[in-house]
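Q: The structure under discussion is supplied below as structure tokens; questions concerning it will follow.
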Amino acid sequence: MRSQTNFFTLLCLFALLVIAPLGCSDDSDATNNKRPQTPETCGNGQLDEGEVCDGEQLGGETCESQGATGGQLGCKSTCLGFELTQCSAPATCGDDTIQSPEVCDGSDLAGASCESLGFDRGTLTCANNCLEVNSSGCSYEGECQPTTCADVGAQCGSIDNGCGETLNCGGCDGDLSCGGSGEENICGATCPQGCPDGFSCNTLGVCTGDSDTIAVNMPTATVELVAQVDGQAPQPSSQCGSNTSYRLGYIKLVSISNGEEEEYDIPCNGSLEVAVPKDTYRVSIQGAHSTDLLRREFQTHANLVVDSDMTITANMPTATVQLVAQLNGQAPQPSSQCSGGDAYQLADITLVSLTNGEVEEYGVDCDGTLEVKIPKDTYRVSVEGRFSSDLLRRDFQTHANLVVDSDMTITANMPTATVQLVAQLNGQAPQPSSQCADDAYQLADITLTSLTNGEVKEYGVDCDGTLEVEIPKDTYRVSVEGRYSSDLLRRDFQTHANLVVDADMTITANMPTATVQLVAQLNGQAPQPSSQCADDAYQLADITLTSLTNGEVKEYGVDCAGTLEVEIPKDTYRVSVEGRYSSDLLRRDFQTHANLVVDADMTITANMPTATVQLVAQLNGQAPQPSSQCADDAYQLADITLTSLTNGEVKEYGVDCAGTLEVEIPKDTYRVSVEGRYSSDLLRRDFQTHANLVVDADMTITANMPTATVQLVAQLNGQAPQPSSQCADDAYQLADITLTSLTNGEVEEYGVDCDGTLEVEIPKDTYAVSIEGRSSSDLLRQEYLAIQRIELN
């Protein structure tokens, strides 16, 4: 019945697009009589007779009225139908079954075809949002037959439809890129460093194969590093010429692949020849003993590909800028100290490079100005008063991204407003405690956090609940916390998420509260208190409330009856429970509510459901062999670790020598890993066996570690590296080959023998593989990412 209804919808669409225009057409040609005729009035922006829509005139229709959940409805160029491509797809779209409000879904077209819509031939498809059919592959007799993306197997990008038009085949998901695997219009990924012999790059950018040898090669290039300032050779200082231990500057290469940094001392002649791994680098330069090359780290290349011998010119272009500090558009007033000598500055103006994060602070003279030379770059600029009687000692951002590409004046102006801070509790003035009568005490703290730069300022509010202060005009997060008050809670409570202060105003920081009954439960029942819990000094459980607004954490000790009444701010909380002095409630922090809204007095039941699980350790599907020490009960065969994916709680269980252990755990979703301890064959490597295991009932959890024996081979430019004279000694290794698990980040470093090889047993996993020379005369002592992703399966 559903399919019939949607097919009727398609027939109505056909009537609108094809049959209706025939009544007003006098064209006698059969081919043209079938084609929908665009009304002559189409395009004038008005809804005329014969038009469904025209430009932005949609007749009151929206994506929602067309069955979508949202998006922006458009009008087709013919004015005979709506353009739905920007409308959101229904949640059921993609399951190949039409469900309301879908018109089609994948291969389910409700029986429609090009022919049923009035075309003579072609292939009808369903639009990606399931809200309309795609007739771009349909044509009339005598017309060019257009090619569809499916016809040529195109997954992405643009193709020629064979009829003089371009067809968009969409984009790629995740890390995939169009043509990434080398095949045009196919989603894939590349293996940037290539794959070793016996492995090939799959469409996900992973080296896969069944070879038991992994050649880890470091290809190198000889590069000449050249330092420049404003396109010229920098001038060495007098020290640089008189002593060979001084350097003109430094050029740093940072590998984009693995973050490895190498800094090279540039001699006084301004250049240096070095061998580097072939890689993509971020390049920066900094002056040392030079009269014009600034002692600022300046990025000269964001991602420079070094794939052959080359010259790398690290040039620092500079500009002379006049820094000017201002307050409300006027020169700030210097304090009496500011006239006392050069050691005191009126203000600090800070420039933060948005290219590399380099921070430089300049002390502005007492007249409010300073001339400096800086690299041409894009900066975040802020000003802060120092020895000034009116410029606030607050770091205030004046420019978010100021481009300095020539000599210029940078005016760092701080506009201010006078605000009245008012603390409230449930809309009323809080009650001061007896101590608050003393001027040394404050009723509350009101904190203003700048959303522009994160600057935090805490103000102690007087015992009458108010305080007048001058602050920079900015956007703030506002919070209040009681101090010497008998009713305002000592909790940091956010009252405003993003308050714009652009004029003098009153800021009322009100804390609304609710009285809640906290109840601890285990499997829906009251937990059993331990014998110690009879003493009032002990608690049955801890119930923790974490504000999802500001991250504030408060832990409440629940009494031996399993309940506690408390007053808390009205907020949204993450709630967790953990046993303390209970004979059955587990001492595990277990999340019971992900986002509980507390907007009134209520009961919060923190229930921990549990399951009994049998933990089983295995190696290649078999029970591991215990070592001789494992016969002692004090030793464990293996550790099985369960990490809650809900709250990150980690619990490690020592599995006995038989390879099993029965435990009670909270019902949750876990990451499971196993690591050998007192076993003769189970590796001492933390290996992930389950990425997200749902435990919702009693069950057995088998943590199996599959392994492979591989031969690691170190290479330099495809050849065996040369061992140094030291390498003849067995205590030395030619190189280090490091395997980093891409599943759990586990890192293992292997020292390769002087013949350049090492046989190891490792878990079957996906790894990033890097190499670094040790006792070798030619293999560089730099960690080089040789294989980005290799899978052993």
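Chain lettering (A, B, ...) mirrors the order of the structure tokens, residue numbering begins at 1 for each chain separately, and ligand numbering begins at 1 in order of display.
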For A:Ser434, please output as a tab-separated table (two decimals) with N, CA and C atoms, in the first residue's frame all residues within 10 Å (counting only C-alpha atoms; exclusion window: fewer than 6 positions along the same chain).

A:
chain	number	residue	atom	x	y	z
A	484	TYR	N	30.99	34.06	51.86
A	484	TYR	CA	30.51	34.26	53.23
A	484	TYR	C	29.02	34.59	53.19
A	485	SER	N	28.25	33.55	52.83
A	485	SER	CA	26.80	33.65	52.74
A	485	SER	C	26.21	32.42	53.41
A	486	SER	N	25.07	32.60	54.06
A	486	SER	CA	24.44	31.47	54.76
A	486	SER	C	23.57	30.64	53.82

Q: Could you give me, as a PyMOL selection string, the residues within 9 Å of A:Glu652, counting only C-alpha atoms and dropping anything in the same chain fewer than 2 positions from it?

A: chain A and resi 639-643+650+654

Q: May I have the selected residues written with C-alpha atoms, as an mmCIF file, in the first residue's frame?

A:
data_model
loop_
_atom_site.group_PDB
_atom_site.id
_atom_site.type_symbol
_atom_site.label_atom_id
_atom_site.label_comp_id
_atom_site.auth_asym_id
_atom_site.auth_seq_id
_atom_site.Cartn_x
_atom_site.Cartn_y
_atom_site.Cartn_z
ATOM 1 C CA ASP A 639 45.832 -8.604 32.651
ATOM 2 C CA ILE A 640 42.494 -7.963 30.967
ATOM 3 C CA THR A 641 41.537 -4.307 31.025
ATOM 4 C CA LEU A 642 38.004 -2.967 30.634
ATOM 5 C CA THR A 643 37.682 0.704 29.768
ATOM 6 C CA VAL A 650 39.533 1.935 33.607
ATOM 7 C CA GLY A 654 44.579 -10.032 36.847
#

Q: Could you list, as a PyMOL selection string, every residue within 7 Å of A:Ser547, counting only C-alpha atoms and ignoring same-chain residues fewer than 3 positions away?

A: chain A and resi 550-553+571-574

Q: Next, write the just-selected residues to a file, as a PDB file, in the first residue's frame, keeping N, CA and C atoms as the atom set.

A:
ATOM      1  N   ASN A 550      29.506  23.853  32.913  1.00  0.00           N
ATOM      2  CA  ASN A 550      30.847  24.400  33.158  1.00  0.00           C
ATOM      3  C   ASN A 550      31.841  23.380  33.699  1.00  0.00           C
ATOM      4  N   GLY A 551      31.424  22.104  33.787  1.00  0.00           N
ATOM      5  CA  GLY A 551      32.348  21.068  34.237  1.00  0.00           C
ATOM      6  C   GLY A 551      32.540  20.989  35.742  1.00  0.00           C
ATOM      7  N   GLU A 552      31.827  21.806  36.522  1.00  0.00           N
ATOM      8  CA  GLU A 552      31.929  21.771  37.975  1.00  0.00           C
ATOM      9  C   GLU A 552      31.540  20.386  38.496  1.00  0.00           C
ATOM     10  N   VAL A 553      32.379  19.819  39.397  1.00  0.00           N
ATOM     11  CA  VAL A 553      32.160  18.472  39.909  1.00  0.00           C
ATOM     12  C   VAL A 553      31.898  18.537  41.405  1.00  0.00           C
ATOM     13  N   ASP A 571      20.470  22.900  36.902  1.00  0.00           N
ATOM     14  CA  ASP A 571      21.469  22.767  35.843  1.00  0.00           C
ATOM     15  C   ASP A 571      21.249  21.428  35.151  1.00  0.00           C
ATOM     16  N   THR A 572      22.110  21.124  34.178  1.00  0.00           N
ATOM     17  CA  THR A 572      22.102  19.812  33.538  1.00  0.00           C
ATOM     18  C   THR A 572      23.350  19.075  33.990  1.00  0.00           C
ATOM     19  N   TYR A 573      23.184  17.849  34.460  1.00  0.00           N
ATOM     20  CA  TYR A 573      24.270  17.132  35.105  1.00  0.00           C
ATOM     21  C   TYR A 573      24.534  15.764  34.470  1.00  0.00           C
ATOM     22  N   ARG A 574      25.790  15.342  34.559  1.00  0.00           N
ATOM     23  CA  ARG A 574      26.154  13.952  34.394  1.00  0.00           C
ATOM     24  C   ARG A 574      26.171  13.364  35.788  1.00  0.00           C
TER      25      ARG A 574
END

Q: Can you pull out the residues contacting A:Thr69? Cut-off 7 Å, using only C-alpha atoms, and skip same-chain residues under 4 positions away; I want them as a list in words.

A: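 Within the cut-off, the hits are Glu64, Ser88, Ala89 and Pro90 of chain A.
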
Q: Next, the residues of the selection above should be written as a CSV table (one decimal), in the first residue's frame with N, CA and C atoms.

A:
chain,number,residue,atom,x,y,z
A,64,GLU,N,10.2,21.3,4.8
A,64,GLU,CA,9.3,20.5,5.8
A,64,GLU,C,8.0,20.2,5.1
A,88,SER,N,17.0,18.2,3.9
A,88,SER,CA,17.6,17.1,4.7
A,88,SER,C,16.9,15.8,4.4
A,89,ALA,N,17.7,14.8,4.4
A,89,ALA,CA,17.1,13.4,4.1
A,89,ALA,C,16.4,12.9,5.4
A,90,PRO,N,15.3,12.2,5.2
A,90,PRO,CA,14.7,11.5,6.3
A,90,PRO,C,15.6,10.5,7.0

Q: If you measure from atom CA of A:Val321 to atom CA of A:Thr369, what distance in Å do you get, rounded to one decimal?

A: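 A separation of 10.3 Å between them.
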
Q: Could you pull the residues within 6 Å of stretch 376-382 of chain A, counting only C-alpha atoms, minus those fewer than 3 positions along the same chain, as a list of chain:residue names?

A: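 Using only C-alpha atoms, the neighbours found are A:Pro317, A:Thr318, A:Ala319, A:Ile349, A:Thr350, A:Leu351, A:Val352, A:Ser353, A:Leu354, A:Phe396, A:Gln397, A:Thr398, A:His399, A:Ala400, A:Asn401, A:Leu402, A:Val403, A:Val404, A:Asp405.
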
Q: Keeping only N, CA and C atoms, write the selected residues to a file as a PDB file, in the first residue's frame.

A:
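For reference, result34.pdb as written:
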ATOM      1  N   PRO A 317      60.473  37.904   5.745  1.00  0.00           N
ATOM      2  CA  PRO A 317      60.150  39.286   5.347  1.00  0.00           C
ATOM      3  C   PRO A 317      59.746  40.074   6.595  1.00  0.00           C
ATOM      4  N   THR A 318      60.154  41.314   6.685  1.00  0.00           N
ATOM      5  CA  THR A 318      59.882  42.104   7.890  1.00  0.00           C
ATOM      6  C   THR A 318      59.179  43.411   7.562  1.00  0.00           C
ATOM      7  N   ALA A 319      58.583  43.985   8.585  1.00  0.00           N
ATOM      8  CA  ALA A 319      57.932  45.293   8.485  1.00  0.00           C
ATOM      9  C   ALA A 319      58.241  46.076   9.753  1.00  0.00           C
ATOM     10  N   ILE A 349      51.916  45.360  24.796  1.00  0.00           N
ATOM     11  CA  ILE A 349      51.174  44.955  23.606  1.00  0.00           C
ATOM     12  C   ILE A 349      51.762  43.631  23.147  1.00  0.00           C
ATOM     13  N   THR A 350      50.907  42.623  23.031  1.00  0.00           N
ATOM     14  CA  THR A 350      51.359  41.273  22.699  1.00  0.00           C
ATOM     15  C   THR A 350      50.898  40.903  21.297  1.00  0.00           C
ATOM     16  N   LEU A 351      51.839  40.369  20.514  1.00  0.00           N
ATOM     17  CA  LEU A 351      51.552  39.880  19.170  1.00  0.00           C
ATOM     18  C   LEU A 351      51.736  38.370  19.158  1.00  0.00           C
ATOM     19  N   VAL A 352      50.673  37.659  18.785  1.00  0.00           N
ATOM     20  CA  VAL A 352      50.718  36.200  18.692  1.00  0.00           C
ATOM     21  C   VAL A 352      50.571  35.824  17.223  1.00  0.00           C
ATOM     22  N   SER A 353      51.585  35.153  16.679  1.00  0.00           N
ATOM     23  CA  SER A 353      51.511  34.724  15.290  1.00  0.00           C
ATOM     24  C   SER A 353      50.431  33.662  15.132  1.00  0.00           C
ATOM     25  N   LEU A 354      49.513  33.892  14.188  1.00  0.00           N
ATOM     26  CA  LEU A 354      48.481  32.896  13.921  1.00  0.00           C
ATOM     27  C   LEU A 354      48.992  31.793  13.011  1.00  0.00           C
ATOM     28  N   PHE A 396      43.590  42.198  26.950  1.00  0.00           N
ATOM     29  CA  PHE A 396      42.397  42.424  26.132  1.00  0.00           C
ATOM     30  C   PHE A 396      42.760  42.321  24.654  1.00  0.00           C
ATOM     31  N   GLN A 397      42.038  41.449  23.938  1.00  0.00           N
ATOM     32  CA  GLN A 397      42.310  41.271  22.516  1.00  0.00           C
ATOM     33  C   GLN A 397      41.734  42.427  21.715  1.00  0.00           C
ATOM     34  N   THR A 398      42.588  43.083  20.930  1.00  0.00           N
ATOM     35  CA  THR A 398      42.146  44.215  20.113  1.00  0.00           C
ATOM     36  C   THR A 398      41.999  43.837  18.640  1.00  0.00           C
ATOM     37  N   HIS A 399      42.741  42.818  18.193  1.00  0.00           N
ATOM     38  CA  HIS A 399      42.643  42.344  16.807  1.00  0.00           C
ATOM     39  C   HIS A 399      42.684  40.819  16.817  1.00  0.00           C
ATOM     40  N   ALA A 400      41.729  40.204  16.136  1.00  0.00           N
ATOM     41  CA  ALA A 400      41.689  38.737  16.097  1.00  0.00           C
ATOM     42  C   ALA A 400      42.654  38.175  15.058  1.00  0.00           C
ATOM     43  N   ASN A 401      42.772  38.820  13.924  1.00  0.00           N
ATOM     44  CA  ASN A 401      43.681  38.333  12.869  1.00  0.00           C
ATOM     45  C   ASN A 401      44.113  39.525  12.007  1.00  0.00           C
ATOM     46  N   LEU A 402      45.109  40.230  12.489  1.00  0.00           N
ATOM     47  CA  LEU A 402      45.625  41.422  11.812  1.00  0.00           C
ATOM     48  C   LEU A 402      46.742  41.020  10.854  1.00  0.00           C
ATOM     49  N   VAL A 403      46.548  41.329   9.582  1.00  0.00           N
ATOM     50  CA  VAL A 403      47.561  41.023   8.573  1.00  0.00           C
ATOM     51  C   VAL A 403      48.577  42.169   8.532  1.00  0.00           C
ATOM     52  N   VAL A 404      49.829  41.841   8.784  1.00  0.00           N
ATOM     53  CA  VAL A 404      50.917  42.824   8.689  1.00  0.00           C
ATOM     54  C   VAL A 404      51.737  42.450   7.471  1.00  0.00           C
ATOM     55  N   ASP A 405      51.522  43.185   6.384  1.00  0.00           N
ATOM     56  CA  ASP A 405      52.247  42.899   5.147  1.00  0.00           C
ATOM     57  C   ASP A 405      53.041  44.102   4.647  1.00  0.00           C
TER      58      ASP A 405
END

Q: So which one's closest to A:Arg587, A:Val752, A:Leu645, A:Ile665, A:Ala68? Using only C-alpha atoms, please.

A: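 Among the listed residues, the smallest separation from A:Arg587 belongs to A:Ile665.
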
Q: Ranking A:Asp464, A:Ala233, A:Glu260, A:Ser775 by minimum distance to A:Ala437 and counting only C-alpha atoms, which one comes first?

A: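 Selected residue with least distance to A:Ala437: A:Asp464.
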
Q: Write down as a ChimeraX atom specification the residues of stretch 670-784 of chain A whose backbone DSSP state falls under strand (DSSP E or B).

A: /A:670-676,679,687-695,699-705,707-716,719,723,735-741,747-752,757-763,766-773,776,784

Q: Store the residues picked out above, limited to C-alpha atoms, as a compact mmCIF listing (two decimals), in the first residue's frame.

A:
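Everything below was put into out.txt:
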# COMPACT_ATOMS: atom_id res chain seq x y z
CA TYR A 670 33.72 -1.35 27.08
CA ARG A 671 37.00 -1.29 25.23
CA VAL A 672 38.70 -4.58 26.10
CA SER A 673 42.43 -5.28 25.99
CA VAL A 674 44.73 -8.07 27.11
CA GLU A 675 48.40 -8.10 28.09
CA GLY A 676 50.61 -11.00 29.16
CA SER A 679 53.13 -16.27 30.64
CA PHE A 687 46.42 -5.36 22.74
CA GLN A 688 42.86 -4.24 22.05
CA THR A 689 40.55 -7.19 21.49
CA HIS A 690 37.21 -5.36 21.43
CA ALA A 691 36.64 -1.74 20.39
CA ASN A 692 33.12 -1.40 21.85
CA LEU A 693 31.76 -4.47 23.57
CA VAL A 694 28.23 -4.10 24.96
CA VAL A 695 27.82 -5.93 28.28
CA MET A 699 28.45 -13.39 29.48
CA THR A 700 31.94 -14.64 28.64
CA ILE A 701 34.47 -12.09 27.39
CA THR A 702 37.25 -13.76 25.42
CA ALA A 703 40.26 -11.49 25.07
CA ASN A 704 42.29 -13.13 22.29
CA MET A 705 45.65 -11.85 21.03
CA THR A 707 50.16 -12.74 16.62
CA ALA A 708 52.48 -12.85 13.64
CA THR A 709 56.23 -13.43 13.36
CA VAL A 710 57.80 -10.80 11.11
CA GLN A 711 61.29 -9.96 9.94
CA LEU A 712 62.02 -6.24 10.39
CA VAL A 713 64.57 -4.92 7.89
CA ALA A 714 66.20 -1.49 8.18
CA GLN A 715 67.06 0.29 4.94
CA LEU A 716 68.52 3.59 3.78
CA GLN A 719 69.94 -0.37 0.71
CA PRO A 723 77.08 -0.03 10.69
CA ALA A 735 68.77 1.21 14.19
CA ASP A 736 65.53 1.46 16.10
CA ILE A 737 62.31 0.44 14.37
CA THR A 738 59.21 1.61 16.24
CA LEU A 739 55.75 0.14 15.81
CA THR A 740 52.85 2.26 17.05
CA SER A 741 49.47 0.56 17.23
CA VAL A 747 54.32 1.91 21.23
CA GLU A 748 57.06 -0.71 20.98
CA GLU A 749 60.65 0.05 19.96
CA TYR A 750 62.86 -2.70 18.54
CA GLY A 751 66.66 -2.44 18.33
CA VAL A 752 67.69 -3.88 14.95
CA THR A 757 67.40 -7.29 10.53
CA LEU A 758 65.42 -8.53 13.52
CA GLU A 759 62.80 -11.23 13.86
CA VAL A 760 59.98 -10.40 16.28
CA GLU A 761 56.58 -11.69 17.25
CA ILE A 762 53.95 -8.97 17.37
CA PRO A 763 50.16 -8.77 17.68
CA THR A 766 47.46 -1.89 12.19
CA TYR A 767 50.69 0.00 12.83
CA ALA A 768 52.56 3.18 12.01
CA VAL A 769 56.20 2.20 11.46
CA SER A 770 59.15 4.53 11.93
CA ILE A 771 62.92 4.11 11.79
CA GLU A 772 65.83 5.95 13.37
CA GLY A 773 69.55 5.33 13.07
CA SER A 776 75.20 3.55 11.89
CA TYR A 784 61.28 8.95 10.20

Q: From the set A:Met414, A:Val103, A:Cys75, A:Leu779, which residue has the shortest atom-to-atom contact distance to A:Gly329, counting only C-alpha atoms?

A: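 The closest residue to A:Gly329 is A:Met414.
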
Q: What does the distance from atom CA of A:Ser211 to atom CA of A:Gly621 come to in Å, to one decimal?

A: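 The value is 21.5 Å.
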
Q: Write out as a JSON list (two decimals) with C-alpha atoms, in the first residue's frame the residues lying within 12 Å of A:Asp151, counting only C-alpha atoms and excluding same-chain residues fewer than 4 positions away.

A:
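Generated file (part14.json):
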[["chain", "number", "residue", "atom", "x", "y", "z"],
["A", 122, "GLY", "CA", 17.31, 5.81, -19.84],
["A", 123, "THR", "CA", 17.95, 4.88, -16.22],
["A", 124, "LEU", "CA", 15.97, 6.47, -13.41],
["A", 125, "THR", "CA", 17.70, 6.77, -10.03],
["A", 137, "GLY", "CA", 19.81, 9.67, -16.92],
["A", 145, "GLN", "CA", 21.50, 9.62, -24.01],
["A", 146, "PRO", "CA", 23.20, 11.08, -20.91],
["A", 147, "THR", "CA", 25.61, 8.96, -18.88],
["A", 155, "GLN", "CA", 31.77, 7.56, -6.84],
["A", 159, "ILE", "CA", 32.10, 13.70, -15.05],
["A", 160, "ASP", "CA", 30.96, 14.60, -18.55],
["A", 161, "ASN", "CA", 27.50, 13.10, -19.05],
["A", 162, "GLY", "CA", 28.27, 12.66, -22.75],
["A", 167, "LEU", "CA", 27.37, 15.68, -13.78],
["A", 169, "CYS", "CA", 28.83, 12.50, -8.54]]

Q: Which value, in Å to one decimal, gives the distance between atom CA of A:Asp445 and atom CA of A:Ser479?

A: 8.2 Å
